[in-house]
file input28.txt (compact mmCIF, C-alpha atoms and all ligand atoms)
# COMPACT_ATOMS: atom_id res chain seq x y z
CA MET A 1 108.27 -46.91 -123.38
CA LEU A 2 107.41 -44.70 -120.40
CA LYS A 3 110.09 -42.09 -120.84
CA ASP A 4 109.25 -38.85 -119.03
CA LYS A 5 105.77 -39.98 -118.01
CA VAL A 6 104.82 -38.89 -114.50
CA VAL A 7 103.01 -41.60 -112.59
CA ILE A 8 101.57 -41.77 -109.06
CA VAL A 9 101.47 -45.27 -107.54
CA THR A 10 99.49 -45.77 -104.33
CA GLY A 11 100.59 -48.50 -101.95
CA GLY A 12 104.06 -48.16 -103.46
CA ALA A 13 105.94 -49.01 -100.27
CA ASN A 14 105.50 -52.76 -100.46
CA GLY A 15 104.52 -55.81 -102.44
CA MET A 16 103.22 -55.22 -105.95
CA GLY A 17 103.17 -51.43 -105.55
CA GLU A 18 106.91 -51.44 -104.87
CA ALA A 19 107.53 -53.63 -107.92
CA HIS A 20 105.39 -51.27 -110.00
CA CYS A 21 107.41 -48.23 -108.87
CA ARG A 22 110.73 -49.94 -109.57
CA LEU A 23 109.81 -51.21 -113.03
CA LEU A 24 108.13 -47.96 -114.14
CA ALA A 25 111.24 -46.02 -113.08
CA GLU A 26 113.48 -48.47 -114.96
CA ARG A 27 111.38 -47.78 -118.06
CA GLY A 28 111.93 -44.05 -117.72
CA ALA A 29 108.93 -42.79 -115.75
CA ALA A 30 109.14 -40.30 -112.90
CA VAL A 31 107.40 -42.13 -110.08
CA VAL A 32 105.59 -40.79 -107.03
CA VAL A 33 105.64 -43.52 -104.39
CA ALA A 34 102.54 -42.82 -102.30
CA ASP A 35 101.82 -44.81 -99.17
CA VAL A 36 100.92 -44.57 -95.48
CA ASN A 37 103.95 -46.73 -94.79
CA PRO A 38 107.18 -44.68 -94.49
CA ARG A 39 109.04 -47.64 -96.02
CA GLY A 40 108.10 -45.91 -99.28
CA GLU A 41 110.89 -43.43 -98.50
CA ASN A 42 113.45 -46.28 -98.84
CA VAL A 43 111.85 -47.50 -102.07
CA ALA A 44 112.06 -44.01 -103.61
CA ALA A 45 115.62 -43.47 -102.35
CA ASP A 46 116.74 -46.80 -103.81
CA ILE A 47 115.18 -45.99 -107.17
CA VAL A 48 117.06 -42.67 -107.20
CA ARG A 49 120.31 -44.45 -106.22
CA ARG A 50 119.89 -46.67 -109.28
CA GLY A 51 119.52 -43.63 -111.55
CA GLY A 52 115.73 -43.34 -111.64
CA VAL A 53 113.42 -40.47 -110.75
CA ALA A 54 111.21 -41.06 -107.70
CA ARG A 55 109.68 -39.17 -104.81
CA PHE A 56 108.03 -40.54 -101.70
CA ARG A 57 104.83 -38.83 -100.55
CA SER A 58 102.99 -39.90 -97.44
CA LEU A 59 99.38 -40.57 -98.40
CA ASP A 60 96.37 -42.19 -96.84
CA VAL A 61 94.20 -42.87 -99.87
CA ARG A 62 91.07 -42.32 -97.76
CA ASP A 63 91.90 -38.66 -97.19
CA ARG A 64 90.71 -36.23 -99.86
CA ARG A 65 92.85 -33.38 -98.54
CA GLN A 66 96.01 -35.47 -98.70
CA TRP A 67 95.16 -36.29 -102.31
CA GLN A 68 94.96 -32.58 -103.10
CA VAL A 69 98.39 -32.01 -101.53
CA ILE A 70 100.04 -34.83 -103.47
CA VAL A 71 98.52 -33.77 -106.79
CA GLU A 72 99.57 -30.14 -106.27
CA ALA A 73 103.10 -31.18 -105.29
CA THR A 74 103.40 -33.49 -108.31
CA GLU A 75 102.10 -30.89 -110.76
CA SER A 76 104.32 -28.18 -109.35
CA GLU A 77 107.45 -30.37 -109.47
CA PHE A 78 106.90 -32.24 -112.75
CA GLY A 79 104.37 -30.05 -114.55
CA ARG A 80 101.84 -32.80 -115.22
CA ILE A 81 100.42 -36.18 -114.23
CA ASP A 82 100.30 -38.82 -116.97
CA GLY A 83 99.39 -41.87 -114.96
CA LEU A 84 97.74 -43.00 -111.75
CA VAL A 85 97.88 -46.51 -110.35
CA ASN A 86 95.23 -47.09 -107.68
CA ASN A 87 97.02 -50.04 -106.11
CA ALA A 88 96.73 -49.52 -102.33
CA GLY A 89 94.47 -52.16 -100.87
CA VAL A 90 93.79 -54.35 -97.88
CA LEU A 91 92.49 -57.89 -97.53
CA ILE A 92 90.32 -59.04 -94.64
CA ARG A 93 89.13 -62.64 -94.96
CA GLN A 94 86.15 -63.54 -92.83
CA PRO A 95 82.74 -65.04 -93.51
CA ALA A 96 80.03 -62.38 -93.62
CA HIS A 97 78.32 -63.50 -90.39
CA GLU A 98 81.55 -62.85 -88.47
CA LEU A 99 82.75 -59.72 -90.28
CA SER A 100 82.37 -56.51 -88.26
CA VAL A 101 80.86 -53.41 -89.80
CA GLU A 102 84.17 -51.69 -89.05
CA SER A 103 86.04 -54.24 -91.19
CA TRP A 104 83.51 -53.88 -94.02
CA ASP A 105 83.93 -50.10 -93.88
CA LEU A 106 87.73 -50.34 -93.78
CA LEU A 107 87.77 -52.56 -96.88
CA PHE A 108 85.49 -50.23 -98.79
CA ASP A 109 87.20 -47.05 -97.56
CA ILE A 110 90.67 -48.12 -98.67
CA ASN A 111 89.94 -50.29 -101.70
CA VAL A 112 86.98 -48.46 -103.24
CA LYS A 113 86.78 -44.94 -101.81
CA GLY A 114 90.57 -44.64 -102.14
CA THR A 115 90.28 -45.49 -105.84
CA PHE A 116 87.50 -42.93 -106.29
CA LEU A 117 89.36 -40.17 -104.43
CA GLY A 118 92.60 -40.80 -106.32
CA SER A 119 90.86 -40.74 -109.68
CA GLN A 120 88.91 -37.62 -108.77
CA ALA A 121 92.10 -35.88 -107.66
CA VAL A 122 94.10 -36.47 -110.87
CA LEU A 123 91.30 -36.04 -113.41
CA PRO A 124 91.46 -32.21 -113.62
CA ALA A 125 95.18 -32.32 -114.52
CA MET A 126 94.60 -35.11 -117.06
CA LYS A 127 91.62 -33.26 -118.58
CA LYS A 128 93.72 -30.13 -118.93
CA ALA A 129 96.46 -32.09 -120.70
CA ALA A 130 93.88 -34.05 -122.75
CA ARG A 131 95.65 -37.31 -121.96
CA GLY A 132 96.09 -39.77 -119.14
CA SER A 133 96.03 -43.40 -118.13
CA ILE A 134 94.50 -44.63 -114.89
CA VAL A 135 94.95 -48.25 -113.88
CA ASN A 136 92.82 -49.57 -111.05
CA ILE A 137 94.13 -52.69 -109.36
CA SER A 138 91.22 -55.07 -108.92
CA SER A 139 91.84 -58.82 -108.62
CA ILE A 140 90.60 -62.19 -109.81
CA SER A 141 88.36 -61.60 -106.77
CA GLY A 142 86.62 -59.01 -108.95
CA PHE A 143 85.38 -61.93 -111.07
CA VAL A 144 85.12 -64.94 -108.76
CA ALA A 145 85.12 -65.78 -105.05
CA ASN A 146 88.48 -67.53 -105.21
CA MET A 147 88.69 -68.60 -101.55
CA PRO A 148 86.34 -68.91 -98.58
CA GLY A 149 85.84 -65.76 -96.52
CA MET A 150 86.27 -63.40 -99.44
CA SER A 151 82.74 -61.98 -99.83
CA ALA A 152 83.50 -58.43 -98.64
CA TYR A 153 86.89 -58.24 -100.38
CA CYS A 154 85.29 -59.57 -103.59
CA ALA A 155 82.60 -56.89 -103.28
CA THR A 156 85.29 -54.19 -103.20
CA LYS A 157 87.16 -55.64 -106.16
CA GLY A 158 83.96 -56.02 -108.17
CA ALA A 159 83.13 -52.39 -107.38
CA ILE A 160 86.56 -51.31 -108.67
CA ARG A 161 86.00 -53.29 -111.86
CA LEU A 162 82.79 -51.47 -112.73
CA PHE A 163 83.84 -48.08 -111.40
CA THR A 164 86.66 -48.38 -113.93
CA LYS A 165 84.26 -48.86 -116.83
CA GLY A 166 82.14 -45.92 -115.71
CA LEU A 167 85.21 -43.68 -115.61
CA ALA A 168 86.30 -44.94 -119.02
CA VAL A 169 82.95 -43.87 -120.49
CA ASP A 170 82.98 -40.45 -118.83
CA TYR A 171 86.55 -39.43 -119.70
CA ALA A 172 87.14 -40.98 -123.14
CA GLU A 173 86.37 -37.61 -124.75
CA TYR A 174 89.39 -36.16 -122.89
CA ASN A 175 91.68 -38.95 -124.14
CA ILE A 176 91.90 -40.37 -120.63
CA ARG A 177 92.02 -44.16 -120.61
CA VAL A 178 90.94 -46.16 -117.56
CA ASN A 179 91.52 -49.90 -117.24
CA SER A 180 91.36 -52.47 -114.48
CA LEU A 181 94.12 -54.98 -113.84
CA HIS A 182 93.21 -58.30 -112.22
CA PRO A 183 96.14 -60.19 -110.70
CA GLY A 184 95.85 -63.78 -109.54
CA THR A 185 97.64 -64.85 -106.36
CA ILE A 186 100.94 -62.99 -106.22
CA ARG A 187 103.80 -63.45 -103.76
CA THR A 188 103.59 -60.29 -101.55
CA PRO A 189 103.23 -59.49 -97.84
CA MET A 190 99.43 -59.66 -98.36
CA THR A 191 99.62 -63.35 -99.26
CA ALA A 192 102.50 -64.34 -96.96
CA ASP A 193 100.19 -66.42 -94.76
CA PHE A 194 98.88 -68.37 -97.78
CA GLU A 195 102.34 -69.78 -98.42
CA SER A 196 102.74 -71.13 -94.89
CA ASP A 197 99.36 -72.89 -95.07
CA ALA A 198 99.61 -75.95 -97.33
CA ASP A 199 95.83 -76.37 -97.60
CA LYS A 200 95.27 -72.79 -98.72
CA LEU A 201 98.17 -72.95 -101.13
CA ASN A 202 96.97 -76.21 -102.67
CA MET A 203 93.49 -74.78 -103.08
CA LEU A 204 94.85 -71.73 -104.93
CA LEU A 205 97.45 -73.54 -106.99
CA GLY A 206 95.11 -76.39 -107.83
CA THR A 207 93.15 -74.09 -110.11
CA THR A 208 96.08 -71.96 -111.25
CA ILE A 209 96.99 -73.75 -114.45
CA LEU A 210 100.59 -72.47 -114.42
CA ARG A 211 100.84 -74.15 -110.96
CA ARG A 212 102.69 -71.39 -109.15
CA LEU A 213 102.21 -68.03 -107.47
CA GLY A 214 102.86 -64.96 -109.59
CA GLU A 215 105.74 -62.60 -108.90
CA PRO A 216 105.07 -58.86 -108.43
CA ARG A 217 107.23 -58.01 -111.43
CA GLU A 218 105.04 -60.11 -113.72
CA ILE A 219 102.13 -57.82 -112.87
CA ALA A 220 104.30 -54.70 -113.16
CA GLU A 221 105.08 -55.65 -116.78
CA VAL A 222 101.36 -55.66 -117.62
CA LEU A 223 100.86 -52.40 -115.75
CA ALA A 224 103.69 -50.74 -117.69
CA PHE A 225 101.94 -51.69 -120.93
CA LEU A 226 98.62 -50.23 -119.73
CA LEU A 227 100.29 -46.96 -118.74
CA SER A 228 102.18 -46.69 -122.01
CA ASP A 229 101.01 -45.45 -125.38
CA ALA A 230 101.35 -49.04 -126.65
CA SER A 231 97.89 -49.69 -125.17
CA SER A 232 96.38 -46.59 -126.79
CA PHE A 233 93.21 -48.36 -128.00
CA MET A 234 92.44 -49.91 -124.60
CA THR A 235 89.99 -48.33 -122.22
CA GLY A 236 87.37 -49.85 -119.95
CA SER A 237 89.23 -53.16 -120.33
CA GLU A 238 89.64 -55.87 -117.71
CA VAL A 239 93.15 -57.24 -117.99
CA THR A 240 93.75 -60.51 -116.17
CA ALA A 241 97.20 -61.82 -115.22
CA ASP A 242 96.45 -64.85 -113.08
CA GLY A 243 98.43 -67.87 -114.29
CA GLY A 244 95.22 -69.14 -115.84
CA PHE A 245 93.20 -69.25 -112.61
CA THR A 246 90.04 -67.92 -114.25
CA ALA A 247 90.50 -69.98 -117.42
CA VAL A 248 89.07 -73.15 -115.88
P1 LIG B 1 100.60 -55.38 -99.77
O1 LIG B 1 99.85 -55.58 -98.50
O2 LIG B 1 101.88 -56.10 -99.96
O3 LIG B 1 100.81 -53.83 -100.06
C1 LIG B 1 99.73 -52.94 -99.97
C2 LIG B 1 100.29 -51.55 -99.77
O4 LIG B 1 99.19 -50.65 -99.64
C3 LIG B 1 101.13 -51.42 -98.51
O5 LIG B 1 102.36 -50.78 -98.79
C4 LIG B 1 100.27 -50.58 -97.58
O6 LIG B 1 101.00 -49.77 -96.68
C5 LIG B 1 99.48 -49.75 -98.60
N1 LIG B 1 98.26 -49.19 -98.02
C6 LIG B 1 97.33 -49.85 -97.26
N2 LIG B 1 96.39 -48.98 -96.85
C7 LIG B 1 96.70 -47.77 -97.37
C8 LIG B 1 96.10 -46.49 -97.31
N3 LIG B 1 94.99 -46.26 -96.60
N4 LIG B 1 96.68 -45.46 -97.98
C9 LIG B 1 97.84 -45.66 -98.67
N5 LIG B 1 98.45 -46.86 -98.75
C10 LIG B 1 97.89 -47.90 -98.11
O7 LIG B 1 99.56 -55.83 -100.91
P2 LIG B 1 99.81 -56.37 -102.39
O8 LIG B 1 99.65 -57.84 -102.35
O9 LIG B 1 101.02 -55.78 -102.97
O10 LIG B 1 98.49 -55.81 -103.09
C11 LIG B 1 98.48 -54.63 -103.88
C12 LIG B 1 97.12 -54.53 -104.55
O11 LIG B 1 96.89 -55.69 -105.35
C13 LIG B 1 95.94 -54.48 -103.58
O12 LIG B 1 94.94 -53.64 -104.10
C14 LIG B 1 95.45 -55.91 -103.55
O13 LIG B 1 94.10 -55.98 -103.17
C15 LIG B 1 95.67 -56.30 -104.98
N6 LIG B 1 95.82 -57.73 -105.23
C16 LIG B 1 96.72 -58.49 -104.56
C17 LIG B 1 96.86 -59.84 -104.88
C18 LIG B 1 97.88 -60.72 -104.24
O14 LIG B 1 97.81 -61.94 -104.45
N7 LIG B 1 98.84 -60.21 -103.51
C19 LIG B 1 96.05 -60.39 -105.88
C20 LIG B 1 95.12 -59.58 -106.54
C21 LIG B 1 95.02 -58.24 -106.22
call {"tool": "encode", "arguments": {"input": "input28.txt", "output": "C-alpha cells", "more": "lines below"}}
Ligand code: NAD
result
Amino acid sequence: MLKDKVVIVTGGANGMGEAHCRLLAERGAAVVVADVNPRGENVAADIVRRGGVARFRSLDVRDRRQWQVIVEATESEFGRIDGLVNNAGVLIRQPAHELSVESWDLLFDINVKGTFLGSQAVLPAMKKAARGSIVNISSISGFVANMPGMSAYCATKGAIRLFTKGLAVDYAEYNIRVNSLHPGTIRTPMTADFESDADKLNMLLGTTILRRLGEPREIAEVLAFLLSDASSFMTGSEVTADGGFTAV
C-alpha cells in the first residue's frame, strides 16, 4: 500500500510518531524518523533490523535551516519525498490566567510553526514531482475543549486544522493532498499522567463511547490510509479517530 513511498515523520522517536514510523515501514515505505530526541536513532535501527527502510535525522521542527538539511538529505538519498507527517507536538495544560507567554509561544512554535515550516520545506519537492500527501496531526482539541486547561493547546490544534485546509486549496493543482488527522486520547508518554489520575481518566472515558484509550497503532492505520493512494480523492479533510468522543 505504501511500497517505495518516502515519508518524513516528525516526532518519530516516541508515542504515536514511533508507531507511525513502524507501521509505515511495515507497509513498505522508506521512513525518515525526525525528532529532537535521539531515541529516534533506536527506533530507526529497530525498523532496519526488522527488514524495513528507516533513517534517523535529528530535527527541531522550529528550525527552518534544519528543515532544509533534512529535505536535502532525503532527496539526495531517496530521490523524492512522497509524504510528510507533521506529528511533533507538545501539550501544556494550564488555565489562560496562569499560562506564561513563554509557554504560549512554545506551544505555537512547536505545534503550529513547526507544521508550517515542515510543509514549506517539502512543498518544492512535491510540486516538482506533481504528487504528495501531507498529514497534519491535530487532535479532538482542534474541535472541542476536551479538558480544563486546554485553551492554548486547543488554539494550536484549531490553527493546524485550518492551516491544513488552506494548504489543500493552494496545492491541489500540483496533486498535493493535505489532510488533518484528529486523534482522541491515545496511550502515549504525552498522556501518561492522565492514566494515573482516576478523575481525569473518568472525565475523558466518560465521553469516549468506546470506553477506552486509543492505542498509537490505531491512529497509525488511519495515517497509512491518508498517505496512500487509496485516499486519492481526499484533501482538506478532517479525519477523526477518537473512539466516538466527538460523537456525543
Ligand atoms: P509524545 O510526547 O509521546 O511524542 C511527541 C514527540 O515529539 C516526542 O518524540 C518529542 O521528542 C517530539 N518533539 C517535541 N518537540 C519537538 C521539536 N521541537 N522538534 C522535533 N520533535 C519534537 O506525544 P504523542 O502523544 O505521541 O503526540 C503526537 C502528536 O499527536 C502531537 O502533535 C500531539 O499533540 C497529538 N495528539 C496526541 C494525543 C494523545 O492523546 N496522545 C491526542 C491527540 C493529538
call {"tool": "closest_residue", "arguments": {"input": "input28.txt", "among": "A:Val32, A:Ile137, A:Ala159, A:Val7", "to": "ligand LIG 1 (chain B)", "atoms": "all atoms listed in the file"}}
result
A:Ile137
call {"tool": "closest_residue", "arguments": {"input": "input28.txt", "among": "A:Glu102, A:Asp4, A:Glu26, A:Asp60", "to": "A:Val48", "atoms": "only C-alpha atoms"}}
result
A:Glu26
call {"tool": "closest_residue", "arguments": {"input": "input28.txt", "among": "A:Phe56, A:Phe225, A:Phe108, A:Phe233", "to": "A:Ile176", "atoms": "all atoms listed in the file"}}
result
A:Phe233
call {"tool": "atom_distance", "arguments": {"input": "input28.txt", "atom1": "atom CA of A:Ser196", "atom2": "atom CA of A:Glu218"}}
result
21.9 Å
call {"tool": "residues_near_ligand", "arguments": {"input": "input28.txt", "ligand": "ligand LIG 1 (chain B)", "cutoff": "6 Å", "atoms": "all atoms listed in the file", "output": "PDB file with C-alpha atoms, keeping the file's coordinate frame"}}
result
ATOM      1  CA  THR A  10      99.490 -45.770-104.330  1.00  0.00           C
ATOM      2  CA  GLY A  11     100.590 -48.500-101.950  1.00  0.00           C
ATOM      3  CA  GLY A  12     104.060 -48.160-103.460  1.00  0.00           C
ATOM      4  CA  ALA A  13     105.940 -49.010-100.270  1.00  0.00           C
ATOM      5  CA  ASN A  14     105.500 -52.760-100.460  1.00  0.00           C
ATOM      6  CA  GLY A  15     104.520 -55.810-102.440  1.00  0.00           C
ATOM      7  CA  MET A  16     103.220 -55.220-105.950  1.00  0.00           C
ATOM      8  CA  GLY A  17     103.170 -51.430-105.550  1.00  0.00           C
ATOM      9  CA  ASP A  35     101.820 -44.810 -99.170  1.00  0.00           C
ATOM     10  CA  VAL A  36     100.920 -44.570 -95.480  1.00  0.00           C
ATOM     11  CA  ASN A  37     103.950 -46.730 -94.790  1.00  0.00           C
ATOM     12  CA  LEU A  59      99.380 -40.570 -98.400  1.00  0.00           C
ATOM     13  CA  ASP A  60      96.370 -42.190 -96.840  1.00  0.00           C
ATOM     14  CA  VAL A  61      94.200 -42.870 -99.870  1.00  0.00           C
ATOM     15  CA  ARG A  62      91.070 -42.320 -97.760  1.00  0.00           C
ATOM     16  CA  ASN A  87      97.020 -50.040-106.110  1.00  0.00           C
ATOM     17  CA  ALA A  88      96.730 -49.520-102.330  1.00  0.00           C
ATOM     18  CA  GLY A  89      94.470 -52.160-100.870  1.00  0.00           C
ATOM     19  CA  VAL A  90      93.790 -54.350 -97.880  1.00  0.00           C
ATOM     20  CA  ILE A 110      90.670 -48.120 -98.670  1.00  0.00           C
ATOM     21  CA  ILE A 137      94.130 -52.690-109.360  1.00  0.00           C
ATOM     22  CA  SER A 138      91.220 -55.070-108.920  1.00  0.00           C
ATOM     23  CA  SER A 139      91.840 -58.820-108.620  1.00  0.00           C
ATOM     24  CA  PRO A 183      96.140 -60.190-110.700  1.00  0.00           C
ATOM     25  CA  GLY A 184      95.850 -63.780-109.540  1.00  0.00           C
ATOM     26  CA  THR A 185      97.640 -64.850-106.360  1.00  0.00           C
ATOM     27  CA  ILE A 186     100.940 -62.990-106.220  1.00  0.00           C
ATOM     28  CA  ARG A 187     103.800 -63.450-103.760  1.00  0.00           C
ATOM     29  CA  THR A 188     103.590 -60.290-101.550  1.00  0.00           C
ATOM     30  CA  PRO A 189     103.230 -59.490 -97.840  1.00  0.00           C
ATOM     31  CA  MET A 190      99.430 -59.660 -98.360  1.00  0.00           C
ATOM     32  CA  THR A 191      99.620 -63.350 -99.260  1.00  0.00           C
TER      33      THR A 191
END
call {"tool": "closest_residue", "arguments": {"input": "input28.txt", "among": "A:Asp170, A:Asp105, A:Asp82, A:Glu98", "to": "A:Ala130", "atoms": "all atoms listed in the file"}}
result
A:Asp82
call {"tool": "atom_distance", "arguments": {"input": "input28.txt", "atom1": "atom CA of A:Gly166", "atom2": "atom CA of A:Ser232"}}
result
18.1 Å
call {"tool": "atom_distance", "arguments": {"input": "input28.txt", "atom1": "atom CA of A:Thr74", "atom2": "atom CA of A:Asn42"}}
result
18.8 Å
call {"tool": "closest_residue", "arguments": {"input": "input28.txt", "among": "A:Gly40, A:Gly206, A:Gly149, A:Gly236", "to": "A:Ser180", "atoms": "all atoms listed in the file"}}
result
A:Gly236
call {"tool": "residues_near_point", "arguments": {"input": "input28.txt", "point": "(86.1, -38.8, -102.2)", "cutoff": "10 Å", "atoms": "only C-alpha atoms", "output": "compact mmCIF listing (two decimals) with C-alpha atoms, in the coordinates of the input"}}
result
# COMPACT_ATOMS: atom_id res chain seq x y z
CA VAL A 61 94.20 -42.87 -99.87
CA ARG A 62 91.07 -42.32 -97.76
CA ASP A 63 91.90 -38.66 -97.19
CA ARG A 64 90.71 -36.23 -99.86
CA ARG A 65 92.85 -33.38 -98.54
CA TRP A 67 95.16 -36.29 -102.31
CA ASP A 109 87.20 -47.05 -97.56
CA VAL A 112 86.98 -48.46 -103.24
CA LYS A 113 86.78 -44.94 -101.81
CA GLY A 114 90.57 -44.64 -102.14
CA THR A 115 90.28 -45.49 -105.84
CA PHE A 116 87.50 -42.93 -106.29
CA LEU A 117 89.36 -40.17 -104.43
CA GLY A 118 92.60 -40.80 -106.32
CA SER A 119 90.86 -40.74 -109.68
CA GLN A 120 88.91 -37.62 -108.77
CA ALA A 121 92.10 -35.88 -107.66
call {"tool": "residues_around", "arguments": {"input": "input28.txt", "residues": "A:Asn179", "least_positions_apart": "6", "cutoff": "12 Å", "atoms": "all atoms listed in the file", "output": "number ranges by chain"}}
result
A: 83-86, 119, 132-138, 160-169, 171-172, 222-223, 225-227, 231-240
call {"tool": "closest_residue", "arguments": {"input": "input28.txt", "among": "A:Glu221, A:Glu18, A:Glu41, A:Asp242", "to": "A:Ser141", "atoms": "only C-alpha atoms"}}
result
A:Asp242
call {"tool": "axis_aligned_box", "arguments": {"input": "input28.txt", "around": "stretch 117-126 of chain A", "padding_each_side": "4 Å", "output": "AutoDock Vina command-line options"}}
result
--center_x 92.0 --center_y -36.5 --center_z -110.7 --size_x 14.3 --size_y 16.6 --size_z 20.6
